[in-house]
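Q: Before I ask anything, let me first share the structure, which is written out below as structure tokens.
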Amino acid sequence: MRRQSAGARYPPLISSMAQRRLSDLSSHLHLPGPASASHSPPPRPCGSTCSATSSCEAEADAEAELGGEKGCVFCRIVRGESPAFMLYEDDVCMCILDSNPLTFGHSLIIPKSHTPSLEATPPAVVAAMCSKIPILSNCIRKATQSDSFNLLVNNGSAAGQVIFHTHFHIIPRKAGDKLWPSEPFYTCNMQSFRRQPLESNQEIVDLVNTVRDLVSSQA
């Protein structure tokens with residue numbers, strides 16, 4: 001697979017409809033600030049088809065207009081046409097860093113075949129994705145020095161799905177991070193509602209390499 005140039009970004013193609021969905025979703029979130037930047041090695045593209053809300057929210061409108069596999073940003077990542085930091089890959093699915101993370105290490109498990117929703121995804125594919133959750137979540141948690149994680153699926157527009165390609169979110173958590181408004185001691189801060197784009201810096205590259213090494217050691 002070809003590598004993307006350093007500093008590659010997902011283009012800002014968000015529509016007013018997607019913006020409203022993101023605003024609704026963001027009203028329930030307390031997000032961390034941006035990670036510090038240093039060097040900028042290029043992300044490694046992934047390789048075959050697409051997924052739901054998160055990593056590529058900025059391209060949701062393009063997908064909606066083009067429809068299906070052709071306009072799906074996750075499908076482009078699978079085919080190696082769009083950049084992503086890949087943590088894991090097998091014949092059925094892959095795990096990549098979310099391009100607009102809620103927390104450091106926020107990752108997505110996506111199937112290589114394009115299905116727009118969880119109910120449309122073949123049971124065997126869902127089973128294969130779920131079978132990777134224990135090892136991937138454990139490795140991501142260790143690499144980010146987190147003590148917990150959220151497993152999340154946004155299925156359907158009303159649930160906040162923006163990218164209509166099935167995917168699971170693994171969101172590393174630390175005590176007192178105040179990510180969700182329902183948690184104790186949550187303090188509303190509108191500035192925190194802005195999701196921060198994933199930067200291609202040494203901290204991210206080190207995270208990717210650490211997770212890969214941990215996954216390899218447990219395979």
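Every chain in the structure tokens has a letter given in the order shown (A, B, ...), and although residue numbers restart at 1 in each chain, ligands are simply numbered from 1 in the order shown.
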Please identify all polymer residues within 12 Å of A:Cys139, counting only C-alpha atoms, omitting same-chain residues fewer than 4 positions from it, and present them as a PyMOL selection string.
A: chain A and resi 87-88+95+105+107+132-135+143-149+170+172+207-219
Q: Store the residues of this selection in a file with C-alpha atoms, as a tab-separated table (two decimals), in the first residue's frame.
A:
```
chain	number	residue	atom	x	y	z
A	87	LEU	CA	-3.12	-0.29	14.66
A	88	TYR	CA	-4.25	-3.72	13.46
A	95	CYS	CA	-8.35	-0.95	13.75
A	105	GLY	CA	-5.88	6.73	21.67
A	107	SER	CA	-9.72	4.08	17.98
A	132	LYS	CA	-10.72	-8.46	18.51
A	133	ILE	CA	-12.14	-6.13	21.16
A	134	PRO	CA	-10.49	-7.77	24.21
A	135	ILE	CA	-6.94	-7.76	22.85
A	143	ALA	CA	-0.33	2.12	25.47
A	144	THR	CA	-2.28	5.16	26.67
A	145	GLN	CA	-1.79	4.31	30.35
A	146	SER	CA	-5.56	4.35	30.79
A	147	ASP	CA	-7.40	2.34	33.42
A	148	SER	CA	-10.71	1.92	31.55
A	149	PHE	CA	-12.36	2.29	28.15
A	170	ILE	CA	-12.76	2.07	21.62
A	172	PRO	CA	-9.59	4.98	26.45
A	207	LEU	CA	1.37	5.30	20.27
A	208	VAL	CA	0.77	3.41	17.03
A	209	ASN	CA	4.07	1.53	17.31
A	210	THR	CA	3.43	0.67	20.97
A	211	VAL	CA	-0.05	-0.73	20.26
A	212	ARG	CA	1.25	-2.75	17.31
A	213	ASP	CA	4.06	-4.21	19.40
A	214	LEU	CA	1.64	-5.11	22.19
A	215	VAL	CA	-0.79	-6.75	19.74
A	216	SER	CA	2.06	-8.71	18.12
A	217	SER	CA	3.30	-9.92	21.48
A	218	GLN	CA	-0.15	-11.28	22.36
A	219	ALA	CA	-0.99	-12.78	18.98
```
Q: List every residue of stretch 48-178 of chain A that DSSP, applied to the backbone, labels as alpha helix (DSSP H), and write the result as a PyMOL selection string.
A: chain A and resi 60-66+73-79+123-143
Q: Which value, in Å to one decimal, gives the distance between atom CA of A:Pro181 and atom CA of A:Ile163?
A: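 These atoms are spaced 23.8 Å apart.
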Q: When you look at stretch 109-113 of chain A with a cut-off of 10 Å (counting only C-alpha atoms), what residues show up, excluding the ones that are within fewer than 4 positions of it in the same chain? I need them as a PyMOL selection string.
A: chain A and resi 46-52+69+74-75+77-79+87-98+121-122+125-126+128-130+132-133+136+165-170
Q: Compile the contact shell of A:Gly156 as a list of chain:residue names: residues with an atom at most 9 Å away, counting only C-alpha atoms, same-chain residues fewer than 3 positions apart removed.
A: A:Ala52, A:Pro116, A:Ser117, A:Leu118, A:Ala159, A:Gly160, A:Gln161, A:Val162, A:Phe164
Q: From the set A:Ile171, A:Ala124, A:Leu102, A:Leu179, which residue has the shortest atom-to-atom contact distance to A:Ile140, counting only C-alpha atoms?
A: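 Distance minimum relative to A:Ile140 lands on A:Ile171.
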Q: Would you mind telling me which residue in A:Ala84, A:Leu108, A:Gln196, A:Asn201 lies nearest to A:Leu152 when using only C-alpha atoms?
A: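 Answer, going by the shortest atom-to-atom distance: A:Leu108.
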Q: Record the distance separating atom CA of A:Pro101 and atom CA of A:Glu203, expressed in Å with one decimal.
A: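 Taking atom CA of A:Pro101 as the start and atom CA of A:Glu203 as the end point, the length is 14.1 Å.
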Q: Suppose you want the space between atom CA of A:Asp177 and atom CA of A:Asn150; what is it in Å?
A: 12.5 Å
